[in-house]
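Next comes upload_28.txt, with compact mmCIF, C-alpha atoms and all ligand atoms.
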# COMPACT_ATOMS: atom_id res chain seq x y z
CA MET B 27 0.34 -66.53 135.63
CA ASP B 28 -1.74 -69.55 134.77
CA ASP B 29 -0.43 -72.55 132.86
CA GLN B 30 -1.77 -71.22 129.57
CA ALA B 31 0.03 -67.92 130.04
CA THR B 32 3.34 -69.64 130.82
CA GLY B 33 2.87 -72.28 128.13
CA LEU B 34 3.62 -74.90 130.78
CA PHE B 35 1.47 -77.71 129.57
CA THR B 36 2.07 -80.73 127.40
CA PRO B 37 -0.48 -81.21 124.63
CA ASN B 38 -2.09 -84.68 124.63
CA ARG B 39 -0.05 -85.99 127.56
CA PHE B 40 -3.27 -87.39 129.11
CA ARG B 41 -5.08 -88.27 125.90
CA HIS B 42 -6.93 -91.59 126.37
CA GLN B 43 -6.26 -91.44 130.10
CA SER B 44 -9.11 -91.39 132.64
CA VAL B 45 -8.27 -89.38 135.72
CA LEU B 46 -10.14 -89.02 139.01
CA ILE B 47 -9.32 -85.87 141.01
CA THR B 48 -10.62 -85.30 144.54
CA GLY B 49 -11.06 -81.95 146.21
CA ALA B 50 -11.46 -80.45 142.76
CA ALA B 51 -13.87 -77.61 143.54
CA GLN B 52 -11.04 -75.15 144.23
CA GLY B 53 -7.35 -74.63 144.90
CA ILE B 54 -4.77 -77.22 143.90
CA GLY B 55 -7.34 -79.88 142.94
CA ARG B 56 -9.18 -77.58 140.60
CA ALA B 57 -5.93 -76.40 138.99
CA VAL B 58 -4.80 -80.02 138.49
CA ALA B 59 -8.13 -80.89 136.85
CA GLU B 60 -7.77 -77.90 134.51
CA ARG B 61 -4.25 -78.86 133.51
CA ILE B 62 -5.18 -82.47 132.78
CA ALA B 63 -8.23 -81.37 130.80
CA ARG B 64 -6.01 -79.00 128.81
CA GLU B 65 -3.75 -81.98 128.09
CA ASN B 66 -6.79 -83.82 126.70
CA GLY B 67 -7.40 -86.23 129.56
CA SER B 68 -10.83 -87.47 130.56
CA VAL B 69 -11.47 -86.11 134.03
CA PHE B 70 -13.85 -86.91 136.86
CA LEU B 71 -13.99 -84.32 139.62
CA VAL B 72 -15.11 -85.17 143.15
CA ASP B 73 -15.73 -82.82 146.04
CA ARG B 74 -18.04 -82.38 148.98
CA SER B 75 -19.07 -79.00 147.56
CA GLU B 76 -21.65 -78.59 144.79
CA ILE B 77 -19.26 -76.07 143.20
CA VAL B 78 -17.51 -79.09 141.69
CA HIS B 79 -20.23 -79.40 139.04
CA GLU B 80 -19.70 -75.80 137.91
CA VAL B 81 -15.93 -76.40 137.72
CA ALA B 82 -16.44 -79.58 135.70
CA GLU B 83 -18.73 -77.73 133.30
CA SER B 84 -15.99 -75.16 132.69
CA LEU B 85 -13.56 -77.92 131.64
CA CYS B 86 -15.70 -79.33 128.84
CA GLU B 87 -14.32 -76.88 126.30
CA LEU B 88 -10.69 -77.63 127.27
CA THR B 89 -10.53 -81.36 126.59
CA CYS B 90 -11.52 -83.74 123.83
CA GLY B 91 -12.02 -86.37 126.54
CA ALA B 92 -15.00 -86.92 128.81
CA VAL B 93 -15.78 -84.75 131.83
CA GLY B 94 -17.84 -85.76 134.85
CA SER B 95 -18.32 -84.80 138.47
CA ALA B 96 -19.88 -85.99 141.71
CA THR B 97 -20.32 -84.80 145.24
CA ALA B 98 -19.19 -87.18 147.95
CA ASP B 99 -18.02 -87.10 151.53
CA LEU B 100 -14.63 -88.77 151.27
CA GLU B 101 -14.29 -88.95 155.05
CA THR B 102 -16.38 -92.13 154.76
CA PHE B 103 -15.52 -95.36 152.93
CA ALA B 104 -19.05 -95.43 151.48
CA GLY B 105 -18.51 -91.94 150.04
CA ALA B 106 -15.19 -92.94 148.48
CA GLN B 107 -16.65 -96.14 147.02
CA ASP B 108 -19.58 -94.24 145.57
CA ALA B 109 -17.27 -91.63 143.99
CA VAL B 110 -15.10 -94.31 142.39
CA ALA B 111 -18.14 -96.20 141.07
CA GLN B 112 -19.51 -93.00 139.52
CA ALA B 113 -16.14 -92.19 137.96
CA ARG B 114 -15.90 -95.65 136.39
CA GLU B 115 -19.47 -95.33 135.12
CA ALA B 116 -18.79 -91.90 133.60
CA LEU B 117 -15.32 -92.56 132.13
CA GLY B 118 -15.51 -96.30 131.43
CA SER B 119 -12.33 -97.07 133.40
CA LEU B 120 -9.78 -95.42 135.67
CA ASP B 121 -6.07 -94.97 134.92
CA VAL B 122 -5.02 -92.29 137.43
CA CYS B 123 -6.40 -91.21 140.81
CA ILE B 124 -5.26 -87.96 142.41
CA ASN B 125 -6.20 -87.75 146.08
CA ASN B 126 -6.02 -84.11 147.01
CA VAL B 127 -8.55 -83.50 149.80
CA GLY B 128 -7.01 -82.21 153.02
CA GLY B 129 -5.99 -79.07 154.85
CA THR B 130 -5.55 -77.77 158.38
CA ILE B 131 -8.84 -76.79 159.97
CA TRP B 132 -7.45 -75.16 163.13
CA ALA B 133 -4.09 -73.53 163.86
CA LYS B 134 -2.95 -73.76 167.47
CA PRO B 135 -0.48 -75.46 169.79
CA PHE B 136 -1.37 -79.12 170.34
CA GLU B 137 -2.42 -78.72 173.98
CA HIS B 138 -5.28 -76.48 172.84
CA TYR B 139 -6.89 -79.04 170.49
CA SER B 140 -10.00 -80.78 171.81
CA GLU B 141 -10.62 -84.48 171.22
CA GLU B 142 -13.33 -83.60 168.70
CA GLU B 143 -11.03 -81.24 166.79
CA ILE B 144 -8.26 -83.83 166.57
CA THR B 145 -10.73 -86.38 165.21
CA LYS B 146 -11.98 -83.91 162.61
CA GLU B 147 -8.43 -83.06 161.50
CA ILE B 148 -7.53 -86.73 161.06
CA ASN B 149 -10.78 -87.39 159.20
CA ARG B 150 -10.11 -84.45 156.85
CA SER B 151 -6.44 -85.00 156.11
CA LEU B 152 -5.85 -88.74 156.52
CA PHE B 153 -9.10 -90.66 156.10
CA THR B 154 -10.09 -88.84 152.90
CA THR B 155 -6.93 -90.26 151.32
CA LEU B 156 -6.98 -93.63 153.08
CA TRP B 157 -10.59 -94.38 152.08
CA SER B 158 -10.08 -93.05 148.57
CA VAL B 159 -7.01 -95.20 147.99
CA ARG B 160 -8.81 -98.26 149.37
CA ALA B 161 -11.73 -97.66 147.02
CA GLU B 162 -9.56 -96.88 143.98
CA LEU B 163 -7.05 -99.68 144.21
CA PRO B 164 -9.32 -102.58 143.11
CA GLU B 165 -10.43 -100.51 140.10
CA LEU B 166 -6.85 -99.86 139.02
CA ILE B 167 -5.86 -103.50 139.53
CA ALA B 168 -8.90 -104.67 137.55
CA ASN B 169 -7.90 -102.24 134.81
CA GLY B 170 -4.46 -103.85 134.51
CA GLY B 171 -2.65 -101.13 136.47
CA GLY B 172 -2.58 -97.40 137.02
CA THR B 173 -1.28 -94.59 139.16
CA ILE B 174 -2.25 -93.08 142.51
CA VAL B 175 -0.94 -89.62 143.40
CA ASN B 176 -1.57 -88.42 146.94
CA VAL B 177 -1.25 -84.74 147.81
CA SER B 178 0.51 -84.61 151.18
CA SER B 179 2.34 -81.67 152.81
CA VAL B 180 5.75 -80.60 154.09
CA ALA B 181 3.91 -79.54 157.24
CA THR B 182 4.87 -82.89 158.77
CA ARG B 183 7.43 -80.51 160.30
CA GLY B 184 5.16 -77.53 160.88
CA VAL B 185 4.14 -75.62 163.99
CA ASN B 186 0.59 -75.23 165.37
CA ARG B 187 -0.99 -78.11 163.44
CA VAL B 188 0.14 -81.38 164.97
CA PRO B 189 -3.02 -83.36 164.03
CA TYR B 190 -2.67 -82.24 160.40
CA ALA B 191 1.06 -83.07 160.46
CA ALA B 192 0.28 -86.51 161.87
CA SER B 193 -2.30 -87.06 159.12
CA LYS B 194 0.09 -86.11 156.35
CA GLY B 195 2.88 -88.20 157.88
CA ALA B 196 0.48 -91.11 157.63
CA VAL B 197 -0.30 -90.22 154.01
CA ASN B 198 3.44 -90.41 153.30
CA ALA B 199 3.63 -93.79 155.04
CA LEU B 200 0.67 -95.27 153.20
CA THR B 201 2.15 -94.03 149.93
CA SER B 202 5.49 -95.78 150.42
CA ALA B 203 4.04 -98.93 152.01
CA LEU B 204 1.35 -99.41 149.36
CA ALA B 205 3.89 -98.87 146.59
CA LEU B 206 5.69 -102.01 147.82
CA GLU B 207 2.54 -104.12 147.54
CA ALA B 208 1.10 -102.61 144.42
CA ALA B 209 4.12 -102.65 142.11
CA GLU B 210 3.58 -106.26 141.08
CA LYS B 211 0.00 -105.30 140.15
CA ASN B 212 1.34 -102.56 137.88
CA VAL B 213 0.11 -99.78 140.15
CA ARG B 214 2.42 -96.87 141.02
CA VAL B 215 1.78 -94.96 144.25
CA VAL B 216 3.43 -91.57 144.68
CA ALA B 217 2.88 -88.26 146.45
CA THR B 218 3.86 -84.64 146.41
CA ALA B 219 4.34 -82.67 149.61
CA PRO B 220 3.41 -79.07 148.86
CA GLY B 221 4.59 -76.13 150.91
CA GLY B 222 2.69 -72.87 151.36
CA THR B 223 0.79 -72.10 148.17
CA LEU B 224 -0.78 -68.87 146.95
CA ALA B 225 -4.34 -69.38 145.70
CA PRO B 226 -7.47 -67.32 145.16
CA GLU B 227 -9.64 -66.84 148.24
CA ARG B 228 -11.38 -70.13 149.14
CA ARG B 229 -15.05 -70.37 148.24
CA VAL B 230 -15.25 -73.40 150.51
CA PRO B 231 -13.55 -72.48 153.80
CA ARG B 232 -11.48 -75.12 155.57
CA GLY B 233 -12.92 -74.20 158.95
CA PRO B 234 -14.02 -71.29 161.10
CA GLY B 235 -10.79 -69.30 160.49
CA PRO B 236 -8.75 -67.60 163.22
CA GLU B 237 -10.88 -65.59 165.66
CA GLY B 238 -9.41 -63.23 168.22
CA GLU B 239 -5.87 -61.96 168.64
CA GLN B 240 -4.43 -65.20 170.02
CA GLU B 241 -5.69 -67.38 167.16
CA LYS B 242 -4.50 -64.84 164.59
CA GLN B 243 -1.06 -64.91 166.19
CA TRP B 244 -0.94 -68.73 166.05
CA TYR B 245 -1.94 -68.62 162.40
CA GLN B 246 0.71 -65.98 161.68
CA GLN B 247 3.33 -68.28 163.25
CA ILE B 248 2.40 -70.88 160.62
CA VAL B 249 2.85 -68.35 157.81
CA ASP B 250 6.18 -67.16 159.20
CA GLN B 251 7.53 -70.68 159.71
CA THR B 252 6.35 -71.74 156.25
CA ILE B 253 8.40 -69.00 154.60
CA ASP B 254 11.40 -69.37 156.95
CA SER B 255 11.60 -73.12 156.20
CA THR B 256 12.04 -72.56 152.48
CA VAL B 257 15.38 -71.67 151.00
CA MET B 258 13.62 -69.54 148.38
CA GLY B 259 11.94 -67.24 150.92
CA ARG B 260 8.47 -67.30 149.40
CA TYR B 261 5.22 -69.19 148.93
CA GLY B 262 4.72 -71.23 145.76
CA THR B 263 2.10 -70.71 143.08
CA LEU B 264 -0.70 -73.06 142.08
CA ASP B 265 1.14 -73.82 138.83
CA GLU B 266 4.24 -74.77 140.81
CA GLN B 267 2.16 -77.37 142.69
CA VAL B 268 0.26 -78.60 139.64
CA ALA B 269 3.32 -79.32 137.47
CA PRO B 270 4.91 -81.99 139.72
CA ILE B 271 1.52 -83.58 140.47
CA VAL B 272 0.69 -84.04 136.81
CA PHE B 273 4.22 -85.17 136.00
CA LEU B 274 4.03 -87.90 138.67
CA ALA B 275 0.56 -88.83 137.40
CA SER B 276 1.76 -89.16 133.82
CA LYS B 277 3.53 -91.96 131.99
CA GLU B 278 6.67 -89.81 132.02
CA ALA B 279 7.07 -90.89 135.66
CA SER B 280 6.77 -94.61 134.87
CA TYR B 281 9.92 -95.54 136.85
CA ILE B 282 8.91 -93.62 139.99
CA THR B 283 6.94 -95.25 142.80
CA GLY B 284 6.84 -94.94 146.58
CA SER B 285 8.36 -91.44 146.40
CA VAL B 286 7.09 -88.37 148.24
CA LEU B 287 8.34 -85.29 146.41
CA PRO B 288 8.68 -82.10 148.49
CA VAL B 289 7.49 -79.10 146.46
CA ALA B 290 8.22 -76.31 148.86
CA GLY B 291 10.97 -73.98 147.72
CA GLY B 292 13.69 -76.11 149.32
CA ASP B 293 11.83 -77.13 152.49
CA GLN B 294 12.26 -80.91 152.58
CA GLY B 295 9.54 -81.43 155.22
N1 LIG B 301 -2.74 -74.71 149.96
C1 LIG B 301 -1.60 -74.92 150.57
O1 LIG B 301 -0.87 -73.97 150.93
C2 LIG B 301 -1.16 -76.34 150.86
C3 LIG B 301 0.12 -76.57 151.43
C4 LIG B 301 0.52 -77.86 151.70
C5 LIG B 301 -0.32 -78.92 151.39
N2 LIG B 301 -1.55 -78.67 150.84
C6 LIG B 301 -2.42 -79.81 150.57
O2 LIG B 301 -2.88 -79.73 149.24
C7 LIG B 301 -4.22 -80.22 149.16
C8 LIG B 301 -5.12 -79.16 148.52
O3 LIG B 301 -5.01 -77.97 149.27
P1 LIG B 301 -5.89 -76.69 148.91
O4 LIG B 301 -5.39 -75.59 149.77
O5 LIG B 301 -5.93 -76.51 147.45
O6 LIG B 301 -7.31 -77.19 149.46
P2 LIG B 301 -8.66 -76.36 149.74
O7 LIG B 301 -8.91 -76.36 151.20
O8 LIG B 301 -8.64 -75.05 149.04
O9 LIG B 301 -9.73 -77.28 149.00
C9 LIG B 301 -10.01 -78.56 149.47
C10 LIG B 301 -11.22 -79.09 148.75
O10 LIG B 301 -11.55 -80.35 149.35
C11 LIG B 301 -12.95 -80.42 149.56
N3 LIG B 301 -13.22 -81.30 150.69
C12 LIG B 301 -12.98 -81.07 152.01
N4 LIG B 301 -13.41 -82.10 152.75
C13 LIG B 301 -13.94 -83.01 151.88
C14 LIG B 301 -14.55 -84.27 152.06
N5 LIG B 301 -14.72 -84.81 153.28
N6 LIG B 301 -14.98 -84.94 150.96
C15 LIG B 301 -14.84 -84.39 149.72
N7 LIG B 301 -14.27 -83.19 149.50
C16 LIG B 301 -13.82 -82.50 150.58
C17 LIG B 301 -13.37 -78.98 149.83
O11 LIG B 301 -14.77 -78.80 149.57
C18 LIG B 301 -12.47 -78.20 148.90
O12 LIG B 301 -13.05 -77.98 147.65
C19 LIG B 301 -4.63 -80.59 150.58
O13 LIG B 301 -4.45 -81.96 150.80
C20 LIG B 301 -3.66 -79.80 151.44
O14 LIG B 301 -3.43 -80.40 152.70
C21 LIG B 301 -1.98 -77.41 150.57
Taking this structure as input, can you express it in the form of C-alpha cells?
Ligand SMILES: NC(=O)c1ccc[n+]([C@@H]2O[C@H](COP(=O)([O-])OP(=O)(O)OC[C@H]3O[C@@H](n4cnc5c(N)ncnc54)[C@H](O)[C@@H]3O)[C@@H](O)[C@H]2O)c1
Amino acid sequence: MDDQATGLFTPNRFRHQSVLITGAAQGIGRAVAERIARENGSVFLVDRSEIVHEVAESLCELTCGAVGSATADLETFAGAQDAVAQAREALGSLDVCINNVGGTIWAKPFEHYSEEEITKEINRSLFTTLWSVRAELPELIANGGGTIVNVSSVATRGVNRVPYAASKGAVNALTSALALEAAEKNVRVVATAPGGTLAPERRVPRGPGPEGEQEKQWYQQIVDQTIDSTVMGRYGTLDEQVAPIVFLASKEASYITGSVLPVAGGDQG
C-alpha cells in the first residue's frame, strides 16, 4: 500500500520548507520525495540517472511548492557542490537535505573483494554522503539552520558486504560527530538505518548482480541473515522507511540530533 492508500501523510507538514533529496530516481529516495511533495514541500531531486527528471515531473501535481531536479555524480565533491548550488538556485534556499545515495554493489565474503571493488563500494556508500554533507552544511548555516538526514543501514552488522558495512558505519559516525559541531549553528544531523526493504524492481541497477551459483548463494545468505536478524521475521516496506525519514526531517523532530534510528523490524544493527 502506498502512503495515499494508508492515509499516512501529514498535510502541509513541509509547507514553506525546501528539501533536497539525493538518490531520488527510485526506491527509498523517490518515495521520500513523493511523500514530502504530498505534504506540500518544495523538493529538489538529485540522482546520477536521467530518470530523476521524469520523477520530478510526476511530483509537480502533488505539491503547491516548487519542484526541481538535477543529475550529478555525488561520488565527487564537485558533483555535490554543483547539486547544492542548483538546488539553492531552483528553490531559493535549503532547509532540509536528505542524503540517500548508497547500496551494496557486490555480495561476497571480504577476502573475495578486489581493491577496485572496495574503492567503488566506499565511493558509493560513504563518499556520496560525506561530500553531500560537506556541500550542504554551509548552505544550511547561511540559511540560519536546517536539518540533514542521512540514510544509513543496519548492515553495519551484515554478512557478505564488509565494504558497504564499513561505509555505513562511517555514515553513522559522521552523523553523530557532526551533530556535536553543528548544534550551535542550529543544524540538526540525524540518520535512519533501514533494514531489508521491499521495492519495485530497480530501473537503475546497483551493480552487475549475482552471476553463477556461488554469487547467488552469497546473495541469498544476505537475504536470509537480513530476515533472521529482525524480530518481526520480514522485510519492511518503502512506506515503513519513508515515515521515519520524513519525521526526522520535519520540525516535529526538533529535539532530536546525532541519533541513528534503526528501522529494521527489531534489528538494532
Ligand atoms: N533497499 C534496501 O533494502 C536498503 C536497506 C538498508 C539500507 N538502504 C539504504 O537506503 C538508501 C536507498 O536505498 P535504495 O535501495 O532505495 O537505493 P537504490 O539502489 O534503489 O537507488 C539508489 C539511487 O542512487 C543513485 N545513485 C547511485 N550512485 C550515485 C551517485 N554517485 N550520484 C548520484 N546518484 C547516485 C542511483 O542512480 C539510484 O537512483 C541507500 O543508502 C541504501 O544503502 C537500503
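Residues lying within 9 Å of (-1.0, -77.2, 139.4). Counted over only C-alpha atoms, they are B:Asp28, B:Asp29, B:Gly53, B:Ile54, B:Gly55, B:Arg56, B:Ala57, B:Val58, B:Ala59, B:Glu60, B:Arg61, B:Thr263, B:Leu264, B:Asp265, B:Glu266, B:Gln267, B:Val268, B:Ala269, B:Pro270, B:Ile271, B:Val272.
A distance cut-off of 10 Å around (2.6, -86.9, 156.6), counting all atoms listed in the file, selects these protein and nucleic acid residues: Ser151, Leu152, Val177, Ser178, Ser179, Val180, Ala181, Thr182, Arg183, Pro189, Tyr190, Ala191, Ala192, Ser193, Lys194, Gly195, Ala196, Val197, Asn198, Ala199, Leu200, Thr201, Ala219, Val286 and Gly295 of chain B.
Considering all atoms listed in the file, the residues that reside within 6 Å of ligand LIG 301 (chain B) can be listed as Gly49, Ala50, Ala51, Gln52, Gly53, Ile54, Gly55, Asp73, Arg74, Ser75, Ala98, Asp99, Leu100, Glu101, Asn126, Val127, Gly128, Gly129, Arg150, Val177, Ser178, Ser179, Pro220, Gly221, Gly222, Thr223, Arg228, Val230 and Arg232 of chain B.
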Choose the residue, out of B:His42, B:Arg187, B:Arg160, B:Arg260, that has the smallest atom-to-atom separation from Gly91 (chain B); count all atoms listed in the file.
B:His42
List as a Markdown table every residue of region 191-222 of chain B that is in contact with region 166-176 of chain B, defined as an atom at most 6 Å from one of its atoms (using all atoms listed in the file), together with the nearest atom pair and the distance in Å rounded to one decimal, sorted by chain and then rising number.
| residue | atom | partner | partner_atom | distance |
| --- | --- | --- | --- | --- |
| B:Asn212 | CA | B:Gly171 | CA | 4.5 |
| B:Val213 | CA | B:Gly172 | CA | 4.8 |
| B:Arg214 | CA | B:Thr173 | CA | 4.7 |
| B:Val215 | CA | B:Ile174 | CA | 4.8 |
| B:Val216 | CA | B:Val175 | CA | 5.0 |
| B:Ala217 | CA | B:Asn176 | CA | 4.5 |
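The coordinates place CA of Leu46 (chain B) at 14.9 Å from CA of Arg64 (chain B).
Picture a line from CA of Leu34 (chain B) to CA of Asp121 (chain B); it runs 22.7 Å.
Counting from CA of Pro135 (chain B), the distance to CA of Gln243 (chain B) is 11.2 Å.
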Close residues, Asp250 (chain B) itself excluded, 12 Å, all atoms listed in the file, min 4 positions apart in chain, as JSON, numbers by chain
{"B": [184, 185, 186, 222, 243, 244, 245, 246, 254, 255, 256, 259, 260, 261]}
Emit the selected residues as a compact mmCIF listing (two decimals), in the coordinates of the input, including C-alpha atoms.
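In the end it all went to result-v8.txt:
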# COMPACT_ATOMS: atom_id res chain seq x y z
CA GLY B 184 5.16 -77.53 160.88
CA VAL B 185 4.14 -75.62 163.99
CA ASN B 186 0.59 -75.23 165.37
CA GLY B 222 2.69 -72.87 151.36
CA GLN B 243 -1.06 -64.91 166.19
CA TRP B 244 -0.94 -68.73 166.05
CA TYR B 245 -1.94 -68.62 162.40
CA GLN B 246 0.71 -65.98 161.68
CA ASP B 254 11.40 -69.37 156.95
CA SER B 255 11.60 -73.12 156.20
CA THR B 256 12.04 -72.56 152.48
CA GLY B 259 11.94 -67.24 150.92
CA ARG B 260 8.47 -67.30 149.40
CA TYR B 261 5.22 -69.19 148.93
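Minimum distance to Gly94 (chain B) across B:Ala109, B:Leu206, B:Val122, B:Ile144 (counting all atoms listed in the file) occurs at B:Ala109.
Residue nearest Pro236 (chain B), chosen from B:Ser95, B:Gln107, B:Ser280, B:Thr130 and counting all atoms listed in the file: B:Thr130.
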When you count all atoms listed in the file, which of these residues is closest to Ala275 (chain B): B:Asn149, B:Thr155, B:Gln43, B:Thr48?
B:Gln43
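With distances restricted to only C-alpha atoms, B:Thr283 is the closest residue to Ala203 (chain B) from B:Glu143, B:Val257, B:Thr283, B:Val188.
You can rank B:Tyr281, B:Trp132, B:Tyr139, B:Phe273 by their closest distance to Arg39 (chain B) using only C-alpha atoms, and at the top of that list sits B:Phe273.
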Box in all listed atoms of region 180-184 of chain B, axis-aligned, with 5 Å more on each side; write out centre and edge lengths in Å to one decimal as AutoDock Vina command-line options.
--center_x 5.7 --center_y -80.2 --center_z 157.5 --size_x 13.5 --size_y 15.4 --size_z 16.8
